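See below for the structure under consideration.
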Amino acid sequence: MNKRNLLLLKILLFLFALNSLSLCLYFTSHSRTLTPSQTDTQARHSLSLNRLPLTDQNRHPYRYSKPWPILPSYLPWSQTTQVPFRSCEAYFGNGFTNRVDLLKPKKDLTLNRMGWFKCWFSETLRSSVCEGGGLRMDPGKIKMSRGGEILEEVIGRREEEELPEFQTGAFQIDGGDGISGEDQRLVTQEFLDEYVPHGEIEKHTMRELIGSVRIVPTTELQCNEWIEEPTLLVTRFEYANLFHTFTDWYSAYVASRVTGLPNRPHLVFVDGHCGASLEETWKALFSSLRYAKNFSGPVCFRHLILSPLGYETPLFKGLIEDINCHGASAPDLWQHPDDQKTARLSEFGEMIKAAFGFPVHRHRIEKPASGHNVLFVRREDYLAHPRHHGKVESRLSNEQEVFDALKSWASNHKECKINLVNGLFAHMSMKEQVRAIQDASVIIGAHGAGLTHIVSAMPKTVILEIISSQYRRPHFALIARWKGLEYHAINLEGSFASPPFVIDKLNNIMRSLGC
């Protein structure tokens with residue numbers, strides 16, 4: 001028996017040595033280690049491709065692309081013409097079903113064209129998601145401020161300086177070898193009016209960008225840098241406001257899904273806004289972030305996607321038109337499709353949580369041993385942007401009094417443990433804000449952009465909004481409905497809320513939660 005064990009041990013040691021040798025040979029033959037000096041040389045070479053045509057020699061990957069997370073509320077974003085007009089899927093999902101090809105890649109004896117461009121138009125939203133390849137952007141021909149600066153360095157800068165104006169040659173697309181060098185526009189005015197209409201938007205930057213694209217011969221498409229990975233161009237309006245930034249996030253997410261990107265795209269801001277705390281979420285959601293003016297010279301893109309403006313999303317359009325949709329779970333909709341129900345906002349809320357590393361497979365708030373969290377979203381003074389005076393408009397004149405009363409109520413609550421969370425969002429990171437939202441059983445607050453975070457709330461979270469007479473707007477009642485959340489409102493005659501009345505409302509809500 002001892003001889004047999006010794007033989008087995010020798011066999012195991014031999015196999016281990018053989019396996020180690022095989023691995024060593026594999027990695028030696030399949031990898032090449034770069035020294036720091038070699039790495040620096042490569043980096044300098046990739047950035048010194050000034051005015052070189054697009055060839056196989058100067059294409060290089062942009063950076064690592066983040067994979068899409070697995071989301072419980074995800075439903076396929078399939079391209080189908082069967083999406084009913086003004087249905088929930090047409091508003092919140094893939095209603096971009098009308099495909100318009102403006103330029104197709106072609107290779108024959110007379111024309112070798114890499115460039116391509118097409119748009120996906122939504123009859124319901126009256127907007128398009130456009131994408132193309134073989135496109136060149138010249139930041140030097142986009143008139144706007146640099147962007148990304150420290151806020152305190154640009155106090156007083158006008159908004160007009162931060163929004164792009166596209167000069168001739170700002171964007172070009174490869175038309176092949178067989179076309180003339182004459183000025184040739186990619187789109188006509190009629191196309192823009194039909195597929196990228198102004199609507200109520202005074203300055204439609206994506207319409208202006210598409211209208212500025214010129215078709216040029218391949219030899220004229222000269223670049224410093226070639227980006228292979230799919231890249232999303234975004235122009236932000238009201239970039240320091242959470243609600244409007246949510247519309248931009250959602251539009252960028254939808255554009256990424258509509259175009260069927262296998263991974264999360266890289267981002268380029270085609271605006272000159274200064275740096276803001278909300279960039280934390282942009283960076284978490286997508287693969288990387290740069291400002292257009294941060295490129296050292298002309299840059300070419302293998303795959304470019306143009307995100308519709310946030311004003312063209314259902315989150316904003318729902319304020320001016322009736323969107324008859326109610327939130328439902330993805331499994332229910334998969335088994336029982338309903339044109340008046342959607343799980344898309346829940347999907348997007350899970351996307352935000354997953355981007356910050358939070359679990360997304362919890363479908364209900366698990367009451368901790370420490371009790372229920374009641375999150376009070378506060379409105380605070382802070383400096384938002386270069387034209388801001390640092391003071392927020394009061395929507396609840398006695399907010400501190402209400403908070404203090406709720407603090408006393410929570411500490412003396414007998415039926416169960418209640419934790420009143422002071423939601424000082426202006427002094428919290430975006431990740432901390434999302435954590436507070438997902439851990440809350442009840443979210444309460446005066447009407448304000450901070451309540452937009454309820455997009456990421458758990459399915460059984462209850463919303464209580466305090467609305468002054470001057471701000472009777474449906475933003476958060478609509479989001480709650482589209483998410484399928486229980487929603488209550490306290491409509492004030494002015495801006496003063498009676499603390500006992502607020503406590504009475506909360507007592508009723510807590511009883512419904514079994515507390």
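So you can find residues: chains in the structure tokens are A, B, ... in the order shown, residues in each start at 1, and ligands are numbered from 1 in order.
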Requested in this report: If you run DSSP over the backbone, which residues in range 208-359 of chain A end up alpha helix (DSSP H)? Put them as JSON, numbers by chain.
Outcome: {"A": [208, 209, 210, 211, 212, 242, 243, 244, 245, 246, 247, 248, 249, 250, 251, 252, 253, 254, 255, 256, 257, 258, 279, 280, 281, 282, 283, 284, 285, 314, 315, 316, 317, 330, 331, 332, 333, 334, 335, 344, 345, 346, 347, 348, 349, 350, 351, 352, 353, 354, 355]}
Please identify all polymer residues within 6 Å of range 270-280 of chain A, counting only C-alpha atoms, omitting same-chain residues fewer than 5 positions from it, and present them as a PDB file with all heavy atoms, in the first residue's frame.
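The file below, selection.pdb, is the result:
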```
ATOM      1  N   MET A 144     -16.163  76.902 -28.816  1.00  0.00           N
ATOM      2  CA  MET A 144     -16.721  76.809 -27.463  1.00  0.00           C
ATOM      3  C   MET A 144     -15.555  76.840 -26.484  1.00  0.00           C
ATOM      4  O   MET A 144     -14.392  76.705 -26.875  1.00  0.00           O
ATOM      5  CB  MET A 144     -17.527  75.513 -27.281  1.00  0.00           C
ATOM      6  CG  MET A 144     -16.736  74.233 -27.445  1.00  0.00           C
ATOM      7  SD  MET A 144     -17.768  72.761 -27.337  1.00  0.00           S
ATOM      8  CE  MET A 144     -16.536  71.464 -27.614  1.00  0.00           C
ATOM      9  N   SER A 145     -15.862  77.003 -25.216  1.00  0.00           N
ATOM     10  CA  SER A 145     -14.815  76.969 -24.194  1.00  0.00           C
ATOM     11  C   SER A 145     -14.246  75.558 -24.068  1.00  0.00           C
ATOM     12  O   SER A 145     -14.835  74.590 -24.558  1.00  0.00           O
ATOM     13  CB  SER A 145     -15.367  77.452 -22.851  1.00  0.00           C
ATOM     14  OG  SER A 145     -16.592  76.816 -22.549  1.00  0.00           O
ATOM     15  N   ARG A 146     -13.098  75.453 -23.403  1.00  0.00           N
ATOM     16  CA  ARG A 146     -12.388  74.165 -23.350  1.00  0.00           C
ATOM     17  C   ARG A 146     -13.187  73.097 -22.614  1.00  0.00           C
ATOM     18  O   ARG A 146     -13.273  71.951 -23.032  1.00  0.00           O
ATOM     19  CB  ARG A 146     -11.021  74.362 -22.679  1.00  0.00           C
ATOM     20  CG  ARG A 146     -10.206  73.081 -22.608  1.00  0.00           C
ATOM     21  CD  ARG A 146      -8.797  73.341 -22.106  1.00  0.00           C
ATOM     22  NE  ARG A 146      -8.051  72.097 -21.996  1.00  0.00           N
ATOM     23  CZ  ARG A 146      -7.447  71.494 -23.008  1.00  0.00           C
ATOM     24  NH1 ARG A 146      -7.520  72.012 -24.219  1.00  0.00           N
ATOM     25  NH2 ARG A 146      -6.775  70.370 -22.823  1.00  0.00           N
ATOM     26  N   GLY A 147     -13.793  73.451 -21.489  1.00  0.00           N
ATOM     27  CA  GLY A 147     -14.582  72.483 -20.730  1.00  0.00           C
ATOM     28  C   GLY A 147     -13.763  71.707 -19.722  1.00  0.00           C
ATOM     29  O   GLY A 147     -12.559  71.498 -19.890  1.00  0.00           O
ATOM     30  N   GLY A 148     -14.442  71.298 -18.648  1.00  0.00           N
ATOM     31  CA  GLY A 148     -13.792  70.496 -17.622  1.00  0.00           C
ATOM     32  C   GLY A 148     -12.981  71.280 -16.612  1.00  0.00           C
ATOM     33  O   GLY A 148     -12.319  70.690 -15.754  1.00  0.00           O
ATOM     34  N   GLU A 149     -13.045  72.615 -16.679  1.00  0.00           N
ATOM     35  CA  GLU A 149     -12.255  73.423 -15.753  1.00  0.00           C
ATOM     36  C   GLU A 149     -12.836  73.349 -14.336  1.00  0.00           C
ATOM     37  O   GLU A 149     -13.969  72.934 -14.123  1.00  0.00           O
ATOM     38  CB  GLU A 149     -12.235  74.901 -16.195  1.00  0.00           C
ATOM     39  CG  GLU A 149     -11.804  75.123 -17.635  1.00  0.00           C
ATOM     40  CD  GLU A 149     -12.981  75.213 -18.586  1.00  0.00           C
ATOM     41  OE1 GLU A 149     -14.090  74.740 -18.231  1.00  0.00           O
ATOM     42  OE2 GLU A 149     -12.790  75.735 -19.694  1.00  0.00           O
ATOM     43  N   ILE A 150     -12.055  73.795 -13.369  1.00  0.00           N
ATOM     44  CA  ILE A 150     -12.549  73.930 -12.001  1.00  0.00           C
ATOM     45  C   ILE A 150     -13.549  75.084 -11.978  1.00  0.00           C
ATOM     46  O   ILE A 150     -13.305  76.155 -12.556  1.00  0.00           O
ATOM     47  CB  ILE A 150     -11.385  74.194 -11.031  1.00  0.00           C
ATOM     48  CG1 ILE A 150     -10.436  72.991 -11.028  1.00  0.00           C
ATOM     49  CG2 ILE A 150     -11.903  74.468  -9.620  1.00  0.00           C
ATOM     50  CD1 ILE A 150      -9.159  73.234 -10.241  1.00  0.00           C
ATOM     51  N   LEU A 151     -14.678  74.872 -11.334  1.00  0.00           N
ATOM     52  CA  LEU A 151     -15.767  75.852 -11.334  1.00  0.00           C
ATOM     53  C   LEU A 151     -15.296  77.242 -10.913  1.00  0.00           C
ATOM     54  O   LEU A 151     -15.625  78.253 -11.562  1.00  0.00           O
ATOM     55  CB  LEU A 151     -16.889  75.358 -10.407  1.00  0.00           C
ATOM     56  CG  LEU A 151     -18.028  76.327 -10.095  1.00  0.00           C
ATOM     57  CD1 LEU A 151     -18.722  76.793 -11.366  1.00  0.00           C
ATOM     58  CD2 LEU A 151     -19.044  75.661  -9.152  1.00  0.00           C
ATOM     59  N   GLU A 162     -20.196  78.183 -23.676  1.00  0.00           N
ATOM     60  CA  GLU A 162     -20.012  76.761 -23.360  1.00  0.00           C
ATOM     61  C   GLU A 162     -20.712  75.830 -24.349  1.00  0.00           C
ATOM     62  O   GLU A 162     -20.452  74.628 -24.342  1.00  0.00           O
ATOM     63  CB  GLU A 162     -20.524  76.486 -21.943  1.00  0.00           C
ATOM     64  CG  GLU A 162     -19.785  77.279 -20.875  1.00  0.00           C
ATOM     65  CD  GLU A 162     -20.317  77.050 -19.482  1.00  0.00           C
ATOM     66  OE1 GLU A 162     -21.422  76.471 -19.333  1.00  0.00           O
ATOM     67  OE2 GLU A 162     -19.638  77.453 -18.522  1.00  0.00           O
ATOM     68  N   LEU A 163     -21.593  76.374 -25.186  1.00  0.00           N
ATOM     69  CA  LEU A 163     -22.314  75.549 -26.153  1.00  0.00           C
ATOM     70  C   LEU A 163     -21.635  75.629 -27.513  1.00  0.00           C
ATOM     71  O   LEU A 163     -21.154  76.685 -27.919  1.00  0.00           O
ATOM     72  CB  LEU A 163     -23.774  76.002 -26.251  1.00  0.00           C
ATOM     73  CG  LEU A 163     -24.586  75.807 -24.964  1.00  0.00           C
ATOM     74  CD1 LEU A 163     -25.992  76.354 -25.132  1.00  0.00           C
ATOM     75  CD2 LEU A 163     -24.626  74.334 -24.556  1.00  0.00           C
ATOM     76  N   PRO A 164     -21.588  74.510 -28.251  1.00  0.00           N
ATOM     77  CA  PRO A 164     -20.776  74.452 -29.472  1.00  0.00           C
ATOM     78  C   PRO A 164     -21.386  75.188 -30.664  1.00  0.00           C
ATOM     79  O   PRO A 164     -22.608  75.196 -30.856  1.00  0.00           O
ATOM     80  CB  PRO A 164     -20.701  72.948 -29.750  1.00  0.00           C
ATOM     81  CG  PRO A 164     -21.971  72.394 -29.172  1.00  0.00           C
ATOM     82  CD  PRO A 164     -22.233  73.221 -27.945  1.00  0.00           C
ATOM     83  N   VAL A 234     -22.086  63.577 -26.700  1.00  0.00           N
ATOM     84  CA  VAL A 234     -23.173  64.115 -25.883  1.00  0.00           C
ATOM     85  C   VAL A 234     -22.974  65.613 -25.712  1.00  0.00           C
ATOM     86  O   VAL A 234     -21.866  66.060 -25.401  1.00  0.00           O
ATOM     87  CB  VAL A 234     -23.211  63.444 -24.482  1.00  0.00           C
ATOM     88  CG1 VAL A 234     -24.258  64.101 -23.595  1.00  0.00           C
ATOM     89  CG2 VAL A 234     -23.480  61.950 -24.608  1.00  0.00           C
ATOM     90  N   THR A 235     -24.051  66.376 -25.935  1.00  0.00           N
ATOM     91  CA  THR A 235     -24.051  67.787 -25.561  1.00  0.00           C
ATOM     92  C   THR A 235     -25.066  67.976 -24.452  1.00  0.00           C
ATOM     93  O   THR A 235     -26.230  67.584 -24.589  1.00  0.00           O
ATOM     94  CB  THR A 235     -24.419  68.693 -26.746  1.00  0.00           C
ATOM     95  OG1 THR A 235     -23.459  68.509 -27.785  1.00  0.00           O
ATOM     96  CG2 THR A 235     -24.424  70.161 -26.333  1.00  0.00           C
ATOM     97  N   ALA A 292     -14.392  67.264 -25.805  1.00  0.00           N
ATOM     98  CA  ALA A 292     -13.949  67.367 -27.201  1.00  0.00           C
ATOM     99  C   ALA A 292     -12.716  68.246 -27.328  1.00  0.00           C
ATOM    100  O   ALA A 292     -11.793  67.940 -28.093  1.00  0.00           O
ATOM    101  CB  ALA A 292     -15.086  67.907 -28.069  1.00  0.00           C
TER     102      ALA A 292
END
```
Report task. Extract, using only C-alpha atoms, all DNA, RNA and protein residues at most 10 Å from range 214-217 of chain A, discarding same-chain residues fewer than 2 positions from it, and format them as a PyMOL selection string. Result -> chain A and resi 103+111-113+115+135-136+168-187+210-212+219-221
Spatial neighbours of Lys283 in chain A, 12 Å, only C-alpha atoms, chain gap at least 5 places, as a CSV table (one decimal) with C-alpha atoms, in the first residue's frame:
```csv
chain,number,residue,atom,x,y,z
A,65,SER,CA,-14.6,49.0,-22.6
A,66,LYS,CA,-16.7,48.1,-19.6
A,249,TRP,CA,-28.0,59.8,-18.8
A,264,ARG,CA,-20.6,50.3,-22.7
A,265,PRO,CA,-19.3,53.1,-25.0
A,266,HIS,CA,-16.8,55.8,-24.4
A,267,LEU,CA,-18.0,59.3,-24.0
A,268,VAL,CA,-17.0,62.7,-25.5
A,269,PHE,CA,-18.7,65.8,-24.3
A,276,ALA,CA,-19.2,69.1,-12.0
A,277,SER,CA,-19.9,66.5,-9.3
A,278,LEU,CA,-22.4,64.8,-11.6
A,288,SER,CA,-14.4,56.6,-20.3
A,289,LEU,CA,-15.0,60.4,-20.5
A,290,ARG,CA,-13.3,63.2,-22.4
A,352,ILE,CA,-27.1,53.2,-12.2
A,355,ALA,CA,-22.4,51.1,-12.3
A,356,PHE,CA,-21.6,52.0,-8.7
A,430,MET,CA,-23.2,60.4,-6.1
A,431,LYS,CA,-22.4,56.9,-4.9
```
Query raised in the report: Which residue, A:Ser512, A:Asn241, A:Ser78, A:Ser346, has the smallest gap to Arg257 in chain A when you use only C-alpha atoms?
Result: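 The closest residue to Arg257 in chain A is A:Ser78.
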Query - Straight-line distance linking CA of Arg473 in chain A with CA of Thr247 in chain A, stated in Å to one decimal - result: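 Between CA of Arg473 in chain A and CA of Thr247 in chain A the gap works out to 16.5 Å.
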Leaving out range 197-204 of chain A and any residue of its chain fewer than 5 positions from it, which residues lie within 9 Å of it when counting only C-alpha atoms, given as a PDB file with N, CA and C atoms, in the first residue's frame?
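The file below, part.pdb, is the result:
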```pdb
ATOM      1  N   ARG A 126     -40.265  61.888 -31.957  1.00  0.00           N
ATOM      2  CA  ARG A 126     -39.881  62.848 -32.986  1.00  0.00           C
ATOM      3  C   ARG A 126     -38.401  63.211 -32.871  1.00  0.00           C
ATOM      4  N   SER A 127     -37.577  62.193 -32.694  1.00  0.00           N
ATOM      5  CA  SER A 127     -36.134  62.397 -32.610  1.00  0.00           C
ATOM      6  C   SER A 127     -35.431  61.167 -33.168  1.00  0.00           C
ATOM      7  N   PHE A 191     -33.987  66.723 -44.802  1.00  0.00           N
ATOM      8  CA  PHE A 191     -33.737  65.574 -43.919  1.00  0.00           C
ATOM      9  C   PHE A 191     -33.762  66.004 -42.455  1.00  0.00           C
ATOM     10  N   LEU A 192     -33.087  67.096 -42.149  1.00  0.00           N
ATOM     11  CA  LEU A 192     -33.047  67.576 -40.767  1.00  0.00           C
ATOM     12  C   LEU A 192     -34.447  67.907 -40.263  1.00  0.00           C
ATOM     13  N   LEU A 209     -24.839  69.714 -35.448  1.00  0.00           N
ATOM     14  CA  LEU A 209     -23.670  68.862 -35.686  1.00  0.00           C
ATOM     15  C   LEU A 209     -23.862  68.045 -36.961  1.00  0.00           C
ATOM     16  N   LEU A 309     -30.807  64.887 -27.488  1.00  0.00           N
ATOM     17  CA  LEU A 309     -30.767  65.780 -26.339  1.00  0.00           C
ATOM     18  C   LEU A 309     -31.699  65.276 -25.242  1.00  0.00           C
ATOM     19  N   TYR A 311     -33.818  66.842 -23.640  1.00  0.00           N
ATOM     20  CA  TYR A 311     -35.166  67.397 -23.822  1.00  0.00           C
ATOM     21  C   TYR A 311     -36.056  66.484 -24.663  1.00  0.00           C
TER      22      TYR A 311
END
```
Report task. Can you work out which one of A:Ser329, A:Thr259, A:Asn398, A:Asn419 has the shortest atom-to-atom distance to Phe376 in chain A, counting only C-alpha atoms? Result -> A:Asn419
Do a neighbour search on Ala328 in chain A at 9 Å with only C-alpha atoms, toss out local chain neighbours closer than 3 positions, and write the hits as a PDB file with N, CA, C and O atoms, in the first residue's frame.
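Ended up saving to out-v8.pdb:
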```
ATOM      1  N   PRO A 331     -40.306  40.433 -15.638  1.00  0.00           N
ATOM      2  CA  PRO A 331     -40.846  39.086 -15.846  1.00  0.00           C
ATOM      3  C   PRO A 331     -42.333  39.099 -16.208  1.00  0.00           C
ATOM      4  O   PRO A 331     -42.772  38.319 -17.065  1.00  0.00           O
ATOM      5  N   ASP A 332     -43.108  39.984 -15.575  1.00  0.00           N
ATOM      6  CA  ASP A 332     -44.535  40.068 -15.905  1.00  0.00           C
ATOM      7  C   ASP A 332     -44.736  40.529 -17.350  1.00  0.00           C
ATOM      8  O   ASP A 332     -45.590  39.993 -18.071  1.00  0.00           O
ATOM      9  N   LEU A 333     -43.959  41.522 -17.772  1.00  0.00           N
ATOM     10  CA  LEU A 333     -44.107  42.025 -19.137  1.00  0.00           C
ATOM     11  C   LEU A 333     -43.619  41.017 -20.166  1.00  0.00           C
ATOM     12  O   LEU A 333     -44.131  40.974 -21.291  1.00  0.00           O
ATOM     13  N   LYS A 341     -47.621  49.516 -20.089  1.00  0.00           N
ATOM     14  CA  LYS A 341     -46.742  49.231 -18.960  1.00  0.00           C
ATOM     15  C   LYS A 341     -45.288  49.177 -19.427  1.00  0.00           C
ATOM     16  O   LYS A 341     -45.009  48.841 -20.580  1.00  0.00           O
ATOM     17  N   THR A 342     -44.385  49.494 -18.509  1.00  0.00           N
ATOM     18  CA  THR A 342     -42.960  49.505 -18.857  1.00  0.00           C
ATOM     19  C   THR A 342     -42.095  49.118 -17.662  1.00  0.00           C
ATOM     20  O   THR A 342     -42.467  49.373 -16.515  1.00  0.00           O
ATOM     21  N   ALA A 343     -40.975  48.494 -17.952  1.00  0.00           N
ATOM     22  CA  ALA A 343     -39.961  48.210 -16.927  1.00  0.00           C
ATOM     23  C   ALA A 343     -38.658  48.935 -17.256  1.00  0.00           C
ATOM     24  O   ALA A 343     -37.643  48.708 -16.594  1.00  0.00           O
ATOM     25  N   SER A 346     -37.060  51.040 -14.441  1.00  0.00           N
ATOM     26  CA  SER A 346     -36.466  50.142 -13.438  1.00  0.00           C
ATOM     27  C   SER A 346     -35.149  49.584 -13.950  1.00  0.00           C
ATOM     28  O   SER A 346     -34.162  49.475 -13.206  1.00  0.00           O
ATOM     29  N   TRP A 482     -44.261  55.764 -13.523  1.00  0.00           N
ATOM     30  CA  TRP A 482     -43.564  54.982 -14.543  1.00  0.00           C
ATOM     31  C   TRP A 482     -42.679  53.903 -13.929  1.00  0.00           C
ATOM     32  O   TRP A 482     -42.334  52.928 -14.600  1.00  0.00           O
ATOM     33  N   LYS A 483     -42.319  54.067 -12.665  1.00  0.00           N
ATOM     34  CA  LYS A 483     -41.524  53.055 -11.952  1.00  0.00           C
ATOM     35  C   LYS A 483     -42.413  52.055 -11.225  1.00  0.00           C
ATOM     36  O   LYS A 483     -41.944  50.995 -10.800  1.00  0.00           O
ATOM     37  N   GLY A 484     -43.698  52.417 -11.026  1.00  0.00           N
ATOM     38  CA  GLY A 484     -44.592  51.551 -10.263  1.00  0.00           C
ATOM     39  C   GLY A 484     -44.434  51.708  -8.769  1.00  0.00           C
ATOM     40  O   GLY A 484     -44.696  50.769  -8.005  1.00  0.00           O
TER      41      GLY A 484
END
```
Requested in this report: Return the single residue from A:Asn422, A:His453, A:His388, A:Ser408 that is closest to Arg158 in chain A, with distances computed using only C-alpha atoms.
Outcome: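 Answer, going by the shortest atom-to-atom distance: A:His388.
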Going by DSSP on the backbone, which bits of range 448-504 of chain A are strand (DSSP E or B)? Write them as an mmCIF file with all heavy atoms, in the first residue's frame, please.
```
data_model
loop_
_atom_site.group_PDB
_atom_site.id
_atom_site.type_symbol
_atom_site.label_atom_id
_atom_site.label_comp_id
_atom_site.auth_asym_id
_atom_site.auth_seq_id
_atom_site.Cartn_x
_atom_site.Cartn_y
_atom_site.Cartn_z
ATOM 1 N N VAL A 462 -41.724 53.841 -0.761
ATOM 2 C CA VAL A 462 -42.858 54.764 -0.789
ATOM 3 C C VAL A 462 -42.327 56.195 -0.870
ATOM 4 O O VAL A 462 -41.380 56.554 -0.155
ATOM 5 C CB VAL A 462 -43.757 54.601 0.451
ATOM 6 C CG1 VAL A 462 -44.957 55.549 0.387
ATOM 7 C CG2 VAL A 462 -44.228 53.150 0.580
ATOM 8 N N ILE A 463 -42.933 57.004 -1.736
ATOM 9 C CA ILE A 463 -42.500 58.383 -1.952
ATOM 10 C C ILE A 463 -43.529 59.343 -1.353
ATOM 11 O O ILE A 463 -44.733 59.202 -1.586
ATOM 12 C CB ILE A 463 -42.346 58.691 -3.463
ATOM 13 C CG1 ILE A 463 -41.558 57.580 -4.169
ATOM 14 C CG2 ILE A 463 -41.710 60.057 -3.655
ATOM 15 C CD1 ILE A 463 -40.175 57.341 -3.630
ATOM 16 N N LEU A 464 -43.040 60.331 -0.588
ATOM 17 C CA LEU A 464 -43.892 61.389 -0.041
ATOM 18 C C LEU A 464 -43.276 62.728 -0.437
ATOM 19 O O LEU A 464 -42.225 63.116 0.067
ATOM 20 C CB LEU A 464 -44.008 61.286 1.483
ATOM 21 C CG LEU A 464 -44.809 62.392 2.177
ATOM 22 C CD1 LEU A 464 -46.250 62.446 1.653
ATOM 23 C CD2 LEU A 464 -44.803 62.187 3.699
ATOM 24 N N GLU A 465 -43.938 63.437 -1.357
ATOM 25 C CA GLU A 465 -43.428 64.712 -1.852
ATOM 26 C C GLU A 465 -44.210 65.868 -1.233
ATOM 27 O O GLU A 465 -45.445 65.849 -1.212
ATOM 28 C CB GLU A 465 -43.533 64.770 -3.378
ATOM 29 C CG GLU A 465 -42.968 66.055 -3.964
ATOM 30 C CD GLU A 465 -43.095 66.132 -5.482
ATOM 31 O OE1 GLU A 465 -43.749 65.239 -6.076
ATOM 32 O OE2 GLU A 465 -42.561 67.086 -6.070
ATOM 33 N N ILE A 466 -43.491 66.870 -0.750
ATOM 34 C CA ILE A 466 -44.101 68.073 -0.190
ATOM 35 C C ILE A 466 -44.014 69.171 -1.258
ATOM 36 O O ILE A 466 -42.905 69.553 -1.669
ATOM 37 C CB ILE A 466 -43.389 68.518 1.101
ATOM 38 C CG1 ILE A 466 -43.402 67.375 2.125
ATOM 39 C CG2 ILE A 466 -44.048 69.760 1.677
ATOM 40 C CD1 ILE A 466 -42.592 67.666 3.374
ATOM 41 N N ILE A 467 -45.175 69.655 -1.708
ATOM 42 C CA ILE A 467 -45.218 70.547 -2.869
ATOM 43 C C ILE A 467 -45.801 71.897 -2.476
ATOM 44 O O ILE A 467 -46.944 71.983 -2.013
ATOM 45 C CB ILE A 467 -46.067 69.930 -4.005
ATOM 46 C CG1 ILE A 467 -45.593 68.496 -4.314
ATOM 47 C CG2 ILE A 467 -45.989 70.793 -5.253
ATOM 48 C CD1 ILE A 467 -46.483 67.761 -5.286
ATOM 49 N N GLU A 486 -45.295 53.481 -5.008
ATOM 50 C CA GLU A 486 -46.401 54.115 -4.272
ATOM 51 C C GLU A 486 -46.014 55.576 -4.006
ATOM 52 O O GLU A 486 -44.928 55.864 -3.500
ATOM 53 C CB GLU A 486 -46.642 53.383 -2.953
ATOM 54 C CG GLU A 486 -47.814 53.931 -2.155
ATOM 55 C CD GLU A 486 -48.032 53.192 -0.850
ATOM 56 O OE1 GLU A 486 -47.657 51.995 -0.772
ATOM 57 O OE2 GLU A 486 -48.547 53.808 0.100
ATOM 58 N N TYR A 487 -46.927 56.491 -4.338
ATOM 59 C CA TYR A 487 -46.606 57.918 -4.271
ATOM 60 C C TYR A 487 -47.699 58.664 -3.517
ATOM 61 O O TYR A 487 -48.894 58.434 -3.728
ATOM 62 C CB TYR A 487 -46.469 58.483 -5.685
ATOM 63 C CG TYR A 487 -46.336 59.989 -5.755
ATOM 64 C CD1 TYR A 487 -45.097 60.608 -5.667
ATOM 65 C CD2 TYR A 487 -47.464 60.799 -5.909
ATOM 66 C CE1 TYR A 487 -44.964 61.999 -5.734
ATOM 67 C CE2 TYR A 487 -47.349 62.185 -5.976
ATOM 68 C CZ TYR A 487 -46.104 62.780 -5.889
ATOM 69 O OH TYR A 487 -45.993 64.152 -5.952
ATOM 70 N N HIS A 488 -47.275 59.577 -2.641
ATOM 71 C CA HIS A 488 -48.199 60.459 -1.918
ATOM 72 C C HIS A 488 -47.672 61.890 -2.025
ATOM 73 O O HIS A 488 -46.463 62.106 -2.102
ATOM 74 C CB HIS A 488 -48.297 60.059 -0.443
ATOM 75 C CG HIS A 488 -48.736 58.655 -0.222
ATOM 76 N ND1 HIS A 488 -50.053 58.286 -0.104
ATOM 77 C CD2 HIS A 488 -48.010 57.493 -0.107
ATOM 78 C CE1 HIS A 488 -50.137 56.980 0.094
ATOM 79 N NE2 HIS A 488 -48.908 56.467 0.090
ATOM 80 N N ALA A 489 -48.587 62.847 -2.008
ATOM 81 C CA ALA A 489 -48.193 64.253 -2.077
ATOM 82 C C ALA A 489 -48.884 65.042 -0.980
ATOM 83 O O ALA A 489 -50.032 64.766 -0.617
ATOM 84 C CB ALA A 489 -48.540 64.839 -3.446
ATOM 85 N N ILE A 490 -48.167 66.007 -0.439
ATOM 86 C CA ILE A 490 -48.737 67.003 0.473
ATOM 87 C C ILE A 490 -48.700 68.333 -0.277
ATOM 88 O O ILE A 490 -47.633 68.901 -0.498
ATOM 89 C CB ILE A 490 -47.943 67.101 1.784
ATOM 90 C CG1 ILE A 490 -47.967 65.771 2.533
ATOM 91 C CG2 ILE A 490 -48.500 68.219 2.664
ATOM 92 C CD1 ILE A 490 -47.106 65.754 3.791
ATOM 93 N N ASN A 491 -49.855 68.815 -0.706
ATOM 94 C CA ASN A 491 -49.934 70.060 -1.452
ATOM 95 C C ASN A 491 -50.180 71.216 -0.481
ATOM 96 O O ASN A 491 -51.212 71.268 0.184
ATOM 97 C CB ASN A 491 -51.053 69.982 -2.490
ATOM 98 C CG ASN A 491 -50.716 69.021 -3.622
ATOM 99 O OD1 ASN A 491 -49.740 69.206 -4.341
ATOM 100 N ND2 ASN A 491 -51.521 67.976 -3.769
#
```
